[in-house]
Structure formats: C-alpha cells, structure tokens
>>> print(open('query23.cif').read())   # mmCIF, C-alpha atoms
data_data
#
loop_
_atom_site.label_atom_id
_atom_site.label_comp_id
_atom_site.auth_asym_id
_atom_site.auth_seq_id
_atom_site.Cartn_x
_atom_site.Cartn_y
_atom_site.Cartn_z
CA MET A 1 0.00 0.00 0.00
CA ARG A 2 2.92 2.33 0.70
CA ARG A 3 4.05 2.02 -2.92
CA LEU A 4 0.60 2.93 -4.17
CA GLN A 5 0.58 5.94 -1.85
CA THR A 6 3.92 7.20 -3.17
CA SER A 7 2.86 6.81 -6.80
CA PHE A 8 -0.53 8.40 -6.22
CA LEU A 9 0.81 11.40 -4.33
CA ALA A 10 3.43 12.05 -7.00
CA LEU A 11 0.68 12.32 -9.60
CA ALA A 12 -1.88 14.13 -7.49
CA ALA A 13 0.46 16.80 -6.20
CA LEU A 14 1.26 17.88 -9.75
CA LEU A 15 -2.32 17.83 -10.99
CA ALA A 16 -4.04 19.91 -8.30
CA VAL A 17 -5.41 23.03 -10.04
CA PRO A 18 -5.28 26.35 -8.14
CA ALA A 19 -8.61 27.12 -6.50
CA GLY A 20 -8.97 30.46 -8.23
CA ALA A 21 -8.46 29.08 -11.72
CA GLN A 22 -11.47 29.24 -14.02
CA PRO A 23 -11.35 26.67 -16.83
CA ASP A 24 -11.50 27.83 -20.42
CA LEU A 25 -14.35 25.69 -21.74
CA SER A 26 -13.31 26.27 -25.36
CA ARG A 27 -9.83 24.73 -25.04
CA ARG A 28 -9.05 21.51 -26.89
CA VAL A 29 -6.63 18.79 -25.88
CA GLY A 30 -3.90 19.16 -28.48
CA THR A 31 -0.64 17.21 -28.19
CA THR A 32 0.08 15.54 -24.84
CA VAL A 33 2.49 13.01 -23.38
CA ALA A 34 0.14 10.32 -24.67
CA ASP A 35 1.17 11.39 -28.19
CA THR A 36 4.84 12.17 -27.67
CA GLY A 37 5.52 9.14 -25.47
CA VAL A 38 7.37 8.60 -22.20
CA PRO A 39 10.23 6.12 -21.68
CA GLY A 40 9.02 3.26 -19.51
CA TYR A 41 5.33 3.72 -20.35
CA ARG A 42 3.19 2.78 -23.33
CA PHE A 43 -0.13 4.49 -24.03
CA THR A 44 -3.30 2.83 -25.25
CA ALA A 45 -6.62 4.54 -26.00
CA VAL A 46 -9.98 2.84 -25.73
CA THR A 47 -13.51 4.17 -26.10
CA VAL A 48 -16.03 2.60 -23.75
CA ALA A 49 -19.81 2.98 -23.69
CA SER A 50 -21.62 3.25 -20.39
CA PRO A 51 -24.24 0.51 -20.03
CA GLU A 52 -26.33 2.83 -17.85
CA ARG A 53 -26.96 5.53 -20.44
CA ALA A 54 -26.06 6.56 -23.99
CA THR A 55 -22.68 8.06 -23.13
CA ARG A 56 -19.21 7.17 -24.36
CA TYR A 57 -15.96 7.73 -22.52
CA ARG A 58 -12.41 7.93 -23.75
CA LEU A 59 -9.82 6.19 -21.59
CA ARG A 60 -6.14 6.91 -22.18
CA VAL A 61 -4.25 4.17 -20.37
CA ALA A 62 -0.55 4.51 -19.51
CA VAL A 63 0.93 1.07 -18.82
CA PRO A 64 4.44 0.46 -17.45
CA THR A 65 6.58 -1.44 -19.94
CA ARG A 66 8.05 -3.60 -17.18
CA SER A 67 6.29 -6.82 -16.29
CA ALA A 68 3.29 -6.66 -14.01
CA PRO A 69 3.53 -7.85 -10.39
CA ALA A 70 1.99 -11.24 -9.68
CA ALA A 71 -1.16 -9.61 -8.29
CA GLY A 72 -1.38 -7.05 -11.10
CA TYR A 73 -0.51 -3.38 -11.38
CA PRO A 74 -1.68 -0.73 -8.94
CA GLY A 75 -3.82 1.84 -10.70
CA ALA A 76 -4.44 5.59 -10.55
CA TRP A 77 -7.70 6.76 -12.12
CA LEU A 78 -7.73 10.47 -12.96
CA LEU A 79 -11.01 12.27 -13.64
CA ASP A 80 -11.20 15.11 -16.18
CA GLY A 81 -8.74 12.97 -18.08
CA ASN A 82 -8.19 15.39 -20.96
CA ALA A 83 -7.26 18.20 -18.58
CA ALA A 84 -5.05 15.86 -16.56
CA LEU A 85 -3.19 14.81 -19.70
CA MET A 86 -2.70 18.43 -20.73
CA ASP A 87 -1.23 19.29 -17.33
CA LEU A 88 0.92 16.18 -16.90
CA ARG A 89 4.59 16.47 -17.71
CA ALA A 90 6.67 13.58 -18.99
CA GLU A 91 9.00 13.96 -16.01
CA THR A 92 6.21 12.94 -13.65
CA LEU A 93 5.68 9.61 -15.37
CA GLU A 94 9.44 9.13 -15.60
CA ARG A 95 9.57 9.47 -11.81
CA LEU A 96 6.78 6.96 -11.40
CA VAL A 97 8.31 4.34 -13.62
CA ARG A 98 11.47 4.31 -11.52
CA GLN A 99 9.50 3.15 -8.48
CA ALA A 100 9.41 -0.47 -7.40
CA SER A 101 5.79 -0.91 -8.49
CA PRO A 102 4.75 1.83 -10.93
CA PRO A 103 1.00 2.20 -11.50
CA VAL A 104 -1.15 1.96 -14.55
CA VAL A 105 -2.53 5.49 -15.00
CA VAL A 106 -6.03 5.82 -16.44
CA PHE A 107 -7.09 9.22 -17.76
CA VAL A 108 -10.91 9.18 -17.77
CA ALA A 109 -12.50 11.66 -20.18
CA HIS A 110 -15.73 12.06 -22.08
CA ASP A 111 -15.42 11.04 -25.70
CA ASN A 112 -14.47 14.39 -27.18
CA ASP A 113 -11.45 16.69 -27.42
CA LEU A 114 -12.59 19.31 -24.92
CA ARG A 115 -10.25 20.01 -22.03
CA ILE A 116 -13.32 20.28 -19.76
CA ASP A 117 -16.76 19.05 -20.80
CA ALA A 118 -18.70 21.16 -18.32
CA ASP A 119 -22.16 19.75 -19.00
CA ALA A 120 -21.10 16.10 -18.97
CA ARG A 121 -18.96 16.38 -15.84
CA ALA A 122 -21.70 18.29 -13.98
CA PHE A 123 -23.93 15.26 -14.47
CA ASP A 124 -21.42 12.45 -13.95
CA TYR A 125 -19.56 13.89 -10.98
CA THR A 126 -22.50 14.89 -8.79
CA PRO A 127 -24.83 12.69 -6.69
CA ARG A 128 -28.57 12.71 -6.95
CA ARG A 129 -30.27 14.97 -4.43
CA PRO A 130 -33.64 14.46 -2.75
CA GLY A 131 -36.55 15.40 -4.99
CA GLY A 132 -37.60 14.72 -8.53
CA ASP A 133 -35.93 15.62 -11.79
CA ALA A 134 -36.51 19.32 -11.18
CA ALA A 135 -34.17 19.13 -8.17
CA GLN A 136 -31.33 17.74 -10.30
CA ARG A 137 -30.09 21.06 -11.61
CA ASP A 138 -26.80 22.81 -11.03
CA ALA A 139 -27.14 26.19 -9.32
CA PRO A 140 -24.48 28.09 -11.33
CA GLY A 141 -25.68 27.12 -14.80
CA SER A 142 -28.79 24.94 -14.52
CA ARG A 143 -26.87 21.96 -15.89
CA ARG A 144 -28.28 18.48 -15.25
CA THR A 145 -26.78 16.74 -12.23
CA GLY A 146 -27.24 13.53 -10.30
CA GLY A 147 -25.40 10.86 -12.32
CA ALA A 148 -22.59 9.99 -9.89
CA ASP A 149 -23.90 6.56 -8.89
CA ALA A 150 -24.19 5.40 -12.49
CA PHE A 151 -20.76 6.81 -13.27
CA LEU A 152 -19.23 5.05 -10.25
CA GLY A 153 -20.80 1.81 -11.43
CA PHE A 154 -19.27 2.39 -14.84
CA LEU A 155 -15.79 3.04 -13.43
CA THR A 156 -15.76 -0.01 -11.20
CA GLY A 157 -17.53 -2.18 -13.78
CA GLU A 158 -17.13 -1.84 -17.54
CA ALA A 159 -14.27 0.67 -17.46
CA ARG A 160 -12.19 -1.37 -15.02
CA ALA A 161 -12.87 -4.53 -17.02
CA GLN A 162 -11.73 -2.83 -20.23
CA VAL A 163 -8.52 -1.56 -18.63
CA ALA A 164 -7.86 -5.01 -17.14
CA ARG A 165 -7.89 -6.38 -20.68
CA ILE A 166 -5.09 -3.97 -21.52
CA ALA A 167 -3.05 -4.59 -18.36
CA PRO A 168 -3.67 -6.80 -15.30
CA LEU A 169 -4.87 -4.78 -12.32
CA ASP A 170 -4.56 -5.43 -8.60
CA ALA A 171 -8.13 -4.82 -7.41
CA GLY A 172 -6.89 -3.98 -3.92
CA ARG A 173 -4.54 -1.21 -5.08
CA GLN A 174 -6.69 1.15 -7.14
CA ALA A 175 -6.79 4.90 -6.47
CA ILE A 176 -8.97 7.73 -7.76
CA TRP A 177 -8.32 11.46 -8.03
CA GLY A 178 -10.58 14.36 -8.94
CA HIS A 179 -10.54 18.16 -8.78
CA SER A 180 -13.43 20.53 -8.02
CA TYR A 181 -16.55 18.68 -9.18
CA GLY A 182 -14.29 15.68 -9.62
CA GLY A 183 -13.51 16.05 -5.92
CA VAL A 184 -17.25 15.96 -5.20
CA PHE A 185 -17.42 12.64 -7.00
CA VAL A 186 -14.39 11.24 -5.18
CA LEU A 187 -15.87 12.08 -1.77
CA HIS A 188 -19.31 10.77 -2.77
CA ALA A 189 -17.70 7.46 -3.74
CA LEU A 190 -15.80 7.39 -0.44
CA PHE A 191 -18.94 8.03 1.63
CA THR A 192 -21.19 5.60 -0.24
CA GLN A 193 -18.93 2.83 -1.58
CA PRO A 194 -15.63 3.04 0.33
CA ALA A 195 -14.46 -0.36 -0.92
CA ALA A 196 -14.55 0.79 -4.56
CA PHE A 197 -10.98 2.14 -4.31
CA ALA A 198 -8.11 1.80 -1.86
CA ARG A 199 -7.08 5.45 -2.02
CA TYR A 200 -9.12 8.60 -2.60
CA GLY A 201 -7.71 12.00 -3.55
CA ALA A 202 -9.85 15.15 -3.79
CA ALA A 203 -8.26 18.42 -4.86
CA ASP A 204 -10.20 21.54 -3.90
CA PRO A 205 -13.55 19.66 -3.81
CA SER A 206 -16.61 21.86 -4.35
CA LEU A 207 -18.09 21.27 -0.90
CA TRP A 208 -20.56 24.09 -1.51
CA TRP A 209 -22.22 22.04 -4.24
CA GLY A 210 -25.84 21.22 -3.48
CA GLU A 211 -25.69 23.63 -0.52
CA GLY A 212 -23.46 21.30 1.46
CA HIS A 213 -24.90 18.01 0.22
CA LEU A 214 -21.60 16.19 0.80
CA LEU A 215 -21.61 17.13 4.47
CA LYS A 216 -24.91 15.29 4.80
CA GLU A 217 -23.44 12.30 2.98
CA GLU A 218 -20.48 12.31 5.33
CA ALA A 219 -22.81 12.21 8.34
CA ALA A 220 -24.59 9.19 6.87
CA ALA A 221 -21.46 7.53 5.44
CA VAL A 222 -21.42 3.78 4.90
CA ALA A 223 -19.44 2.04 7.66
CA TRP A 224 -16.18 0.41 6.63
CA THR A 225 -16.27 -3.34 7.06
CA GLY A 226 -12.72 -4.05 5.91
CA ALA A 227 -9.47 -2.15 5.73
CA ALA A 228 -10.22 1.58 5.74
CA PRO A 229 -9.24 3.37 2.52
CA SER A 230 -6.77 6.22 2.62
CA VAL A 231 -7.90 9.78 1.85
CA GLN A 232 -5.98 12.90 0.80
CA LEU A 233 -7.44 16.38 0.43
CA TRP A 234 -5.68 19.24 -1.35
CA LEU A 235 -7.12 22.66 -0.58
CA GLY A 236 -6.62 25.89 -2.48
CA SER A 237 -7.28 29.40 -1.30
CA ALA A 238 -10.88 30.27 -0.54
CA ARG A 239 -12.86 31.48 -3.52
CA PRO A 240 -15.35 34.23 -2.61
CA ALA A 241 -18.98 33.98 -3.59
CA PRO A 242 -20.08 36.28 -6.44
CA ALA A 243 -20.83 39.79 -5.28
CA ALA A 244 -24.42 40.94 -5.35
CA ALA A 245 -25.27 42.75 -8.58
CA ALA A 246 -27.57 45.71 -9.06
CA THR A 247 -29.72 43.59 -11.38
CA PRO A 248 -30.94 40.35 -9.74
CA ASN A 249 -29.17 37.27 -11.10
CA PRO A 250 -30.77 33.99 -10.01
CA ALA A 251 -27.70 31.89 -10.85
CA ALA A 252 -25.35 34.18 -8.91
CA GLU A 253 -27.73 34.25 -5.95
CA ALA A 254 -27.91 30.45 -6.00
CA MET A 255 -24.10 30.32 -5.92
CA ARG A 256 -23.94 32.76 -3.00
CA ARG A 257 -26.53 30.72 -1.11
CA ALA A 258 -24.64 27.49 -1.78
CA ARG A 259 -21.34 28.94 -0.56
CA ARG A 260 -22.94 30.38 2.57
CA SER A 261 -24.38 26.96 3.42
CA VAL A 262 -20.94 25.44 4.08
CA PRO A 263 -18.71 26.53 7.01
CA PRO A 264 -15.35 27.92 5.81
CA GLU A 265 -13.50 25.20 7.75
CA ALA A 266 -15.66 22.34 6.39
CA ALA A 267 -12.80 20.68 4.47
CA GLU A 268 -10.54 20.81 7.51
CA THR A 269 -12.98 19.04 9.79
#
>>> encode(input="query23.cif", output="structure tokens")
Amino acid sequence: MRRLQTSFLALAALLAVPAGAQPDLSRRVGTTVADTGVPGYRFTAVTVASPERATRYRLRVAVPTRSAPAAGYPGAWLLDGNAALMDLRAETLERLVRQASPPVVVFVAHDNDLRIDADARAFDYTPRRPGGDAAQRDAPGSRRTGGADAFLGFLTGEARAQVARIAPLDAGRQAIWGHSYGGVFVLHALFTQPAAFARYGAADPSLWWGEGHLLKEEAAAVAWTGAAPSVQLWLGSARPAPAAAATPNPAAEAMRRARRSVPPEAAET
C-alpha cells in the first residue's frame, strides 16, 4: 500500500489546479504526453460505452513497460482525463516508472477533445439529491446533475474490465483522483462505496455544491467493514462567492446561497 501511496501522491500533487483558476471551456486537448511518449510507459486509448446511459468515454491508459507484479498493477484513475493529460509532464511519469511498483494510470475523459466538458462532468460527478428531476439542476448554470452513482458503477464495472484487458490490475490497489466537481465525485464514492478504491484524492472539492450536500453524505457515510481506505485532500485558497449585482441574477444568488451553506472550515474538519 505504501508504494501505491507514493505513486498516487506524486501524480496528485502535480495535478491539483489552483482554486482560483477558471477553466477555459473552449480549449481543446492538443498534443500531450500520450502522443509524444514517455520512456518506460506505453499508451493505449480505448472508447467505452456506459451501459447505464447513452454516453461514451475515452480512456487513455498509460501502462508500465516492465512486467506486471503477480497480483497485477496498482492503478491511478484520474477524472477530467483530458485536462489531466494536458497538465501532466513527462518527467512525472518518468519518476513513477522508476519506483518499485509503478502504476497503470487511467485518464478518464468524455469522448471528445474538450479540455473540460462542463455539462457532462456536472452530471457524472454529482450525486442525486432528494426530490424529482426538477431538483437535479446545477445552481451556477442549470446543468443536469445527479449521475454519480451510475458513473461510479461504470468506473468499477465496464471501465475497469476494459482496462484489465489492456493490463492486469490489482483490485486492492486502485486509487482515484478528482478536482473541483471531480472532488465531489471522489468524496461521494468514499462516503457511499468506500471499498470501490483503496485510495481517494480530492483536490479543492466543491463542498458548496448542493448547498453542502456532501456534508450530509459524510454524516450518513457507509461504515467500513474491511481495511479503511486512505484519503488525501488538497485545498486551495478560498474562492469568494459572487458579489451581489444591481440587477438580480438567479444563478449568482444560487451560488452565494450554496457557498454560505458550508462553514469555511468544512474541508478541515
């Protein structure tokens, strides 16, 4: 487990996006280390359909060229896979491959070339809230939400099976990382299905989402019956809520209300 921790932290520390950064939703992937190559790793791309709904995902899988351990490779699953690939430097993977048990790294993206697919990630990375379909809307932009459980089932089911066909995986040494809304998903998975992964990493998770919905999930978290997973949180500087405008803006007011619903020290406790 220590080897998985070292590998995971090396990746996660270099992928955490500053809290104040606003993604440019028009950016495309372009050339990444998956195209230029990294000594000690080989890249494979596979497109996988979710059995739960009509959505396709693009998995870029970095596999160590050295032989797999008897139990299979540890794995690091990175959400917002296109953005993670764009931010990852070859030197990071070169550091990983020198370790005793380098991981398979899975970059999980929606099947397009956008750096961030805002609509798709808003749905896949957020849990369903109480209420009907009308309640499954994102406060900042009225995007559809509530697909996290289906997405988690996809990751631990069809996606993991597809990656295992590319490289043998050690089921007990799989880790997941996500930033912002991806961090919401990581914590939701931890609170509801803690055995799904051995290590969870959330960078600047949007705890304000759903007016503190994750805090309620934490209070009702599923009890661990086996070895407790390991959790890392990376926190950026606090991002202020939008200032009140002279003209009423329902989306901005919803964001202010959501941010006020969560104590400033929520991530620390």
>>> residues_around(input="query23.cif", residues="Ala70 in chain A", least_positions_apart="4", cutoff="12 Å", atoms="all atoms listed in the file", output="list in words")
Pro74, Ser101, Pro168, Leu169 and Asp170 of chain A
>>> closest_residue(input="query23.cif", among="A:Arg129, A:Arg60, A:Arg95, A:His179", to="Ala203 in chain A", atoms="all atoms listed in the file")
A:His179
>>> atom_distance(input="query23.cif", atom1="CA of Lys216 in chain A", atom2="CA of Arg173 in chain A")
28.0 Å
>>> resolve_selection(input="query23.cif", expression="the PyMOL selection byres ((chain A and resi 115) around 8)", output="VMD selection string")
chain A and resid 25 to 29 80 82 to 83 86 113 to 114 116 to 117
>>> write_last_selection(input="query23.cif", atoms="C-alpha atoms", output="mmCIF file, in the coordinates of the input")
data_model
loop_
_atom_site.group_PDB
_atom_site.id
_atom_site.type_symbol
_atom_site.label_atom_id
_atom_site.label_comp_id
_atom_site.auth_asym_id
_atom_site.auth_seq_id
_atom_site.Cartn_x
_atom_site.Cartn_y
_atom_site.Cartn_z
ATOM 1 C CA LEU A 25 -14.350 25.690 -21.740
ATOM 2 C CA SER A 26 -13.310 26.270 -25.360
ATOM 3 C CA ARG A 27 -9.830 24.730 -25.040
ATOM 4 C CA ARG A 28 -9.050 21.510 -26.890
ATOM 5 C CA VAL A 29 -6.630 18.790 -25.880
ATOM 6 C CA ASP A 80 -11.200 15.110 -16.180
ATOM 7 C CA ASN A 82 -8.190 15.390 -20.960
ATOM 8 C CA ALA A 83 -7.260 18.200 -18.580
ATOM 9 C CA MET A 86 -2.700 18.430 -20.730
ATOM 10 C CA ASP A 113 -11.450 16.690 -27.420
ATOM 11 C CA LEU A 114 -12.590 19.310 -24.920
ATOM 12 C CA ILE A 116 -13.320 20.280 -19.760
ATOM 13 C CA ASP A 117 -16.760 19.050 -20.800
#
>>> atom_distance(input="query23.cif", atom1="CA of Tyr57 in chain A", atom2="CA of Glu211 in chain A")
28.8 Å
>>> resolve_selection(input="query23.cif", expression="the PyMOL selection byres ((chain A and resi 213) around 12)", output="count of residues only")
30
>>> residues_near_point(input="query23.cif", point="(-4.0, 0.8, -19.5)", cutoff="10 Å", atoms="all atoms listed in the file", output="list of chain:residue names")
A:Tyr41, A:Arg42, A:Phe43, A:Thr44, A:Ala45, A:Val46, A:Leu59, A:Arg60, A:Val61, A:Ala62, A:Val63, A:Pro64, A:Tyr73, A:Gly75, A:Pro103, A:Val104, A:Val105, A:Val106, A:Phe107, A:Arg160, A:Gln162, A:Val163, A:Ala164, A:Arg165, A:Ile166, A:Ala167, A:Pro168, A:Leu169
>>> atom_distance(input="query23.cif", atom1="CA of Ala227 in chain A", atom2="CA of Ala196 in chain A")
11.8 Å
>>> resolve_selection(input="query23.cif", expression="the PyMOL selection byres ((chain A and resi 180) around 6)", output="ChimeraX atom specification")
/A:179,181-183,204-206
>>> closest_residue(input="query23.cif", among="A:Ala68, A:Ala34, A:Ala198, A:Ala120", to="Arg89 in chain A", atoms="all atoms listed in the file")
A:Ala34
>>> closest_residue(input="query23.cif", among="A:Thr36, A:Tyr125, A:Ala223, A:Thr55", to="Leu85 in chain A", atoms="only C-alpha atoms")
A:Thr36
